[in-house]
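Contents: one structure, followed by commentary.
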Amino acid sequence: MKKKVVLIYIDVYDRFLFFSKCLDVLDKLGLEVWIATARYSIVRALRHQTDNILILTRMSDTADVVIPVEYANSLSVLNDYHNLQEAESIGRDVWIKLEMFFQNVPLQMLWIWNGATTIAMTLGTFARAHGIATRYFEISNLGERIFVDKEGTSGASYLAAHPEILDHVSIDEKEYDAWLNIFHSRYTVPKQAANRSKIPWQVVIDLVGYAKGCIREDRRNTWKLLWGKVRNKLFTQHWPDAALTQPYVFLPLQVAGDAQLKLFSAYSNMDMIREALTICKNAHLRLVVKIHPAESDRVAIDAVKALQRAEDFVIAGNSTLELIRHSSFVIVNNSTVGLEAMIEGKRVKVYGNALYRHFTQARLKAYILHYLLPGDYFGDTPIPADTVKKILSDSWWETEESK
């Protein structure tokens with residue numbers, strides 16, 4: 001009997017560290033696992049663990065290949081990693097590589113992080129065209145739990161289109177209270193914010209890979225990017241804590257280049273500030289804004305500071321939880337902070353296409369306890385076997401109550 005084959009696409013080194021924690025479980029479950037990547041640093045790291053590596057390289061004679069993907073919506077294009085013509089070229093290369101692989105390996109499932117970049121979009125479209133099951137992954141920001149969905153993340157997820165699946169879940173209030181106590185006790189700055197300032201030494205190895213023919217999805221100047229990391233590390237501005245004595249509305253901003261803003265909302269950070277200012281003026285409330293701790297775009301930060309000089313609002317450095325708890329209500333685009341505010345019982349006004357925009361308190365609890373899967377993205381703890389089994393299941397998101 002042939003083994004079931006799972007292909008995992010890994011785009012950056014952090015994802016290699018995460019998915020590596022699933023490999024032992026997948027092996028024990030009797031699956032054949034392949035890793036697809038265009039990063040030479042990941043190829044080198046993987047060779048200590050597996051020989052099943054699909055290296056995404058540039059292909060020849062692909063000009064006549066037509067890929068059914070709207071690359072104008074690629075996050076890689078929207079964030080200027082490459083232009084539309086380059087995206088189409090990358091897509092053709094990936095598609096041909098996948099067809100060659102699929103002819104020899106009976107692939108049944110594809111794991112993709114987020115799914116919004118040019119390569120990830122191509123992989124997802126290829127999977128749908130060939131009847132291959134997909135699983136899309138994302139950080140939940142709600143403790144040591146990960147978000148997994150069969151159609152996409154955020155507004156593109158199955159859950160966003162079908163929030164009613166949460167209505168069939170029985171909630172154990174004691175279990176939720178226990179989760180909430182742990183969540184509050186461990187509440188901290190998002191760990192991905194700290195990672196944004198790390199100097200990615202792997203890029204030097206990746207440059208060697210590009211010279212060898214690996215597909216280069218991020219075509220921005222490597223040395224400028226590295227200098228930006230150094231500059232942010234040396235000159236990061238720390239915002240002072242605000243005195244929360246007057247009634248206020250809290251607006252958390254998101255990372256300017258995040259998929260949540262680029263793909264799942266008609267509002268930018270600046271648009272959100274202006275919308276919030278209008279609401280606050282009508283309600284006679286102060287506006288308190290928090291710049292995302294992981295924001296590294298100096299132009300975006302300077303734009304917020306310039307608007308602050310022209311308008312009357314506060315940029316605060318207080319913890320997000322403190323700002324939520326003392327606020328009159330919370331305005332979000334589609335940030336996870338909206339979920340955190342709902343957890344704290346605050347009224348939340350949502351502008352973007354957030355997956356939780358139709359959540360009730362019951363749905364919120366079902367989402368946390370049953371839809372999100374146990375697993376620590378950042379730590380060294382292996383991903384639990386039960387989590388991996390649910391991801392592999394055809395009805396992975398269902399509970400006994402909803403089947």
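By convention in this document, the chains of the structure tokens carry letters A, B, ... by their order, each chain's residues are numbered from 1, and ligands are numbered from 1 in the order they are shown.
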Test item: residues at most 10 Å from A:Phe313, only C-alpha atoms, excluding those fewer than 2 positions along its chain, as a PyMOL selection string: chain A and resi 248+273+276-277+280+286-289+307-311+315-316
Expected answer as a PyMOL selection string: strand (DSSP E or B) residues in stretch 96-233 of chain A: chain A and resi 107-113+133-139+145-149+214
Go ahead and save the residues from that selection, with N, CA and C atoms, as an mmCIF file, in the first residue's frame.
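For reference, selection-v1.cif as written:
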```cif
data_model
loop_
_atom_site.group_PDB
_atom_site.id
_atom_site.type_symbol
_atom_site.label_atom_id
_atom_site.label_comp_id
_atom_site.auth_asym_id
_atom_site.auth_seq_id
_atom_site.Cartn_x
_atom_site.Cartn_y
_atom_site.Cartn_z
ATOM 1 N N LEU A 107 0.693 13.037 -5.078
ATOM 2 C CA LEU A 107 0.463 13.998 -3.993
ATOM 3 C C LEU A 107 -1.014 14.062 -3.615
ATOM 4 N N GLN A 108 -1.303 13.963 -2.318
ATOM 5 C CA GLN A 108 -2.689 14.061 -1.834
ATOM 6 C C GLN A 108 -2.992 15.336 -1.051
ATOM 7 N N MET A 109 -1.974 15.947 -0.468
ATOM 8 C CA MET A 109 -2.240 17.125 0.365
ATOM 9 C C MET A 109 -1.081 18.108 0.302
ATOM 10 N N LEU A 110 -1.430 19.394 0.354
ATOM 11 C CA LEU A 110 -0.445 20.469 0.290
ATOM 12 C C LEU A 110 -0.643 21.404 1.475
ATOM 13 N N TRP A 111 0.425 21.657 2.219
ATOM 14 C CA TRP A 111 0.391 22.599 3.338
ATOM 15 C C TRP A 111 1.059 23.903 2.911
ATOM 16 N N ILE A 112 0.371 25.021 3.149
ATOM 17 C CA ILE A 112 0.851 26.329 2.719
ATOM 18 C C ILE A 112 0.684 27.322 3.862
ATOM 19 N N TRP A 113 1.696 28.154 4.080
ATOM 20 C CA TRP A 113 1.560 29.213 5.074
ATOM 21 C C TRP A 113 0.899 30.434 4.430
ATOM 22 N N ALA A 133 -5.978 18.184 -1.753
ATOM 23 C CA ALA A 133 -6.440 18.877 -0.553
ATOM 24 C C ALA A 133 -5.397 19.894 -0.095
ATOM 25 N N THR A 134 -5.840 20.999 0.450
ATOM 26 C CA THR A 134 -4.925 22.032 0.939
ATOM 27 C C THR A 134 -5.210 22.361 2.391
ATOM 28 N N ARG A 135 -4.180 22.795 3.083
ATOM 29 C CA ARG A 135 -4.305 23.317 4.430
ATOM 30 C C ARG A 135 -3.487 24.603 4.492
ATOM 31 N N TYR A 136 -4.137 25.665 4.923
ATOM 32 C CA TYR A 136 -3.480 26.969 5.053
ATOM 33 C C TYR A 136 -3.259 27.270 6.532
ATOM 34 N N PHE A 137 -2.073 27.760 6.861
ATOM 35 C CA PHE A 137 -1.667 27.967 8.248
ATOM 36 C C PHE A 137 -1.449 29.453 8.520
ATOM 37 N N GLU A 138 -1.669 29.842 9.793
ATOM 38 C CA GLU A 138 -1.397 31.208 10.231
ATOM 39 C C GLU A 138 -1.223 31.215 11.746
ATOM 40 N N ILE A 139 -0.494 32.220 12.240
ATOM 41 C CA ILE A 139 -0.381 32.425 13.685
ATOM 42 C C ILE A 139 -1.721 32.932 14.208
ATOM 43 N N ARG A 145 -1.663 28.396 20.090
ATOM 44 C CA ARG A 145 -2.616 27.768 19.190
ATOM 45 C C ARG A 145 -2.385 28.301 17.781
ATOM 46 N N ILE A 146 -2.595 27.449 16.788
ATOM 47 C CA ILE A 146 -2.398 27.857 15.405
ATOM 48 C C ILE A 146 -3.718 27.807 14.649
ATOM 49 N N PHE A 147 -3.806 28.651 13.639
ATOM 50 C CA PHE A 147 -4.984 28.703 12.777
ATOM 51 C C PHE A 147 -4.701 27.858 11.546
ATOM 52 N N VAL A 148 -5.603 26.931 11.244
ATOM 53 C CA VAL A 148 -5.489 26.097 10.046
ATOM 54 C C VAL A 148 -6.854 26.070 9.364
ATOM 55 N N ASP A 149 -6.859 26.172 8.037
ATOM 56 C CA ASP A 149 -8.117 26.235 7.307
ATOM 57 C C ASP A 149 -7.917 25.586 5.939
ATOM 58 N N CYS A 214 17.717 29.002 -8.031
ATOM 59 C CA CYS A 214 16.493 29.032 -7.216
ATOM 60 C C CYS A 214 15.652 30.254 -7.581
#
```
Spatial neighbours of A:Phe250, 12 Å, only C-alpha atoms, chain gap at least 2 places, as a PyMOL selection string: chain A and resi 242+244+246-248+252-253+272-273+276-277+279-280+285-291+313-316+318-333+337-338+341+346-349
Output file for the residues above (N, CA and C atoms, as a short mmCIF file (atom, residue, chain, number, x, y, z; two decimals), in the first residue's frame):
```
data_model
loop_
_atom_site.label_atom_id
_atom_site.label_comp_id
_atom_site.auth_asym_id
_atom_site.auth_seq_id
_atom_site.Cartn_x
_atom_site.Cartn_y
_atom_site.Cartn_z
N ALA A 242 0.66 56.21 27.66
CA ALA A 242 -0.27 57.32 27.77
C ALA A 242 -0.99 57.26 29.11
N LEU A 244 -4.17 57.18 30.87
CA LEU A 244 -5.50 56.78 30.42
C LEU A 244 -6.58 57.26 31.39
N GLN A 246 -8.77 59.98 30.65
CA GLN A 246 -9.96 60.47 29.95
C GLN A 246 -10.59 59.34 29.14
N PRO A 247 -11.91 59.38 28.94
CA PRO A 247 -12.57 58.37 28.11
C PRO A 247 -12.00 58.41 26.68
N TYR A 248 -11.76 57.24 26.11
CA TYR A 248 -11.14 57.22 24.78
C TYR A 248 -11.58 55.99 23.99
N PRO A 252 -5.94 50.04 17.30
CA PRO A 252 -4.65 49.40 17.05
C PRO A 252 -4.37 49.40 15.54
N LEU A 253 -3.19 49.82 15.17
CA LEU A 253 -2.81 49.77 13.76
C LEU A 253 -2.18 48.43 13.44
N MET A 272 -7.99 54.38 8.56
CA MET A 272 -8.57 53.99 9.83
C MET A 272 -8.46 55.09 10.87
N ILE A 273 -7.32 55.79 10.88
CA ILE A 273 -7.16 56.90 11.84
C ILE A 273 -8.18 57.99 11.54
N ALA A 276 -11.62 56.86 12.62
CA ALA A 276 -11.71 56.88 14.08
C ALA A 276 -11.81 58.30 14.61
N LEU A 277 -11.07 59.22 14.00
CA LEU A 277 -11.14 60.62 14.44
C LEU A 277 -12.55 61.18 14.28
N ILE A 279 -15.38 59.47 14.32
CA ILE A 279 -16.21 58.86 15.36
C ILE A 279 -15.97 59.51 16.71
N CYS A 280 -14.70 59.74 17.03
CA CYS A 280 -14.35 60.31 18.33
C CYS A 280 -14.87 61.74 18.49
N LEU A 285 -14.95 61.86 22.42
CA LEU A 285 -13.98 60.98 23.05
C LEU A 285 -12.60 61.20 22.46
N ARG A 286 -11.59 60.90 23.23
CA ARG A 286 -10.21 60.96 22.74
C ARG A 286 -9.94 59.74 21.86
N LEU A 287 -8.98 59.86 20.98
CA LEU A 287 -8.53 58.72 20.19
C LEU A 287 -7.13 58.33 20.64
N VAL A 288 -6.97 57.07 20.98
CA VAL A 288 -5.65 56.54 21.35
C VAL A 288 -5.26 55.49 20.30
N VAL A 289 -4.12 55.71 19.67
CA VAL A 289 -3.63 54.84 18.60
C VAL A 289 -2.39 54.10 19.08
N LYS A 290 -2.28 52.83 18.73
CA LYS A 290 -1.05 52.08 19.01
C LYS A 290 -0.47 51.58 17.69
N ILE A 291 0.75 51.99 17.39
CA ILE A 291 1.45 51.50 16.21
C ILE A 291 1.88 50.05 16.48
N PHE A 313 -4.75 63.38 18.46
CA PHE A 313 -4.88 62.02 18.97
C PHE A 313 -3.56 61.60 19.62
N VAL A 314 -3.63 60.51 20.39
CA VAL A 314 -2.49 60.05 21.17
C VAL A 314 -1.90 58.79 20.54
N ILE A 315 -0.57 58.75 20.45
CA ILE A 315 0.12 57.51 20.09
C ILE A 315 0.67 56.93 21.38
N ALA A 316 0.19 55.75 21.74
CA ALA A 316 0.50 55.19 23.06
C ALA A 316 1.40 53.96 22.95
N ASN A 318 1.50 51.88 25.71
CA ASN A 318 0.96 50.94 26.71
C ASN A 318 0.73 49.56 26.10
N SER A 319 0.64 48.56 26.94
CA SER A 319 0.33 47.23 26.44
C SER A 319 -1.05 47.23 25.79
N THR A 320 -1.22 46.39 24.80
CA THR A 320 -2.50 46.32 24.10
C THR A 320 -3.63 45.95 25.06
N LEU A 321 -3.36 45.02 25.96
CA LEU A 321 -4.39 44.59 26.90
C LEU A 321 -4.83 45.74 27.79
N GLU A 322 -3.88 46.55 28.26
CA GLU A 322 -4.23 47.70 29.09
C GLU A 322 -5.07 48.69 28.29
N LEU A 323 -4.69 48.95 27.05
CA LEU A 323 -5.43 49.90 26.21
C LEU A 323 -6.83 49.41 25.92
N ILE A 324 -6.99 48.11 25.75
CA ILE A 324 -8.33 47.55 25.53
C ILE A 324 -9.18 47.73 26.79
N ARG A 325 -8.65 47.34 27.92
CA ARG A 325 -9.43 47.31 29.16
C ARG A 325 -9.93 48.68 29.59
N HIS A 326 -9.15 49.72 29.35
CA HIS A 326 -9.53 51.07 29.81
C HIS A 326 -10.30 51.86 28.76
N SER A 327 -10.50 51.29 27.58
CA SER A 327 -11.16 52.02 26.49
C SER A 327 -12.67 51.99 26.63
N SER A 328 -13.33 52.97 25.99
CA SER A 328 -14.79 52.97 25.92
C SER A 328 -15.25 51.92 24.92
N PHE A 329 -14.58 51.84 23.79
CA PHE A 329 -14.77 50.75 22.84
C PHE A 329 -13.56 50.73 21.90
N VAL A 330 -13.54 49.72 21.03
CA VAL A 330 -12.36 49.49 20.19
C VAL A 330 -12.76 49.51 18.72
N ILE A 331 -11.94 50.17 17.92
CA ILE A 331 -12.12 50.19 16.47
C ILE A 331 -10.96 49.43 15.85
N VAL A 332 -11.28 48.49 14.95
CA VAL A 332 -10.22 47.75 14.27
C VAL A 332 -10.51 47.67 12.78
N ASN A 333 -9.46 47.44 12.04
CA ASN A 333 -9.61 47.12 10.63
C ASN A 333 -9.98 45.64 10.55
N VAL A 337 -6.43 42.03 17.40
CA VAL A 337 -6.78 42.81 18.59
C VAL A 337 -8.30 42.91 18.74
N GLY A 338 -9.00 42.88 17.62
CA GLY A 338 -10.46 42.87 17.69
C GLY A 338 -10.98 41.67 18.45
N ALA A 341 -10.27 42.19 22.11
CA ALA A 341 -11.24 43.10 22.70
C ALA A 341 -12.56 42.39 22.99
N LYS A 346 -15.46 43.94 25.29
CA LYS A 346 -15.59 45.29 24.76
C LYS A 346 -16.41 45.30 23.47
N ARG A 347 -17.08 46.42 23.23
CA ARG A 347 -17.74 46.62 21.95
C ARG A 347 -16.68 46.88 20.89
N VAL A 348 -16.81 46.23 19.74
CA VAL A 348 -15.80 46.32 18.69
C VAL A 348 -16.46 46.70 17.37
N LYS A 349 -15.92 47.73 16.73
CA LYS A 349 -16.38 48.13 15.39
C LYS A 349 -15.32 47.65 14.39
#
```
Members of stretch 246-276 of chain A assigned alpha helix (DSSP H) by DSSP, as a PyMOL selection string: chain A and resi 259-264+269-276
Which residue of A:Gly317, A:Pro163, A:Pro106, A:Gly155 approaches A:Ala362 most closely, using only C-alpha atoms: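 Answer, going by the shortest atom-to-atom distance: A:Pro163.
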Counting only C-alpha atoms, the residue of A:Asp80, A:Glu70, A:Asp93, A:Glu32 that sits nearest A:Leu7: A:Glu32
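Atom CA of A:Arg15 lies 18.8 Å from atom CA of A:Tyr81.
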Counting only C-alpha atoms, the option among A:Ser393, A:Gln254, A:Asn114, A:Gln260 closest to A:Ser296: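 For A:Ser296, the nearest of the candidates is A:Gln254.
The closest residue to A:Arg219, picked from A:Glu86, A:Glu173, A:Glu164, A:Asp241 and counting only C-alpha atoms, is A:Glu86.
Distances to A:Ile182 were evaluated for A:Leu364, A:Met100, A:Leu372, A:Leu142 using only C-alpha atoms, and the minimum falls at A:Leu142.
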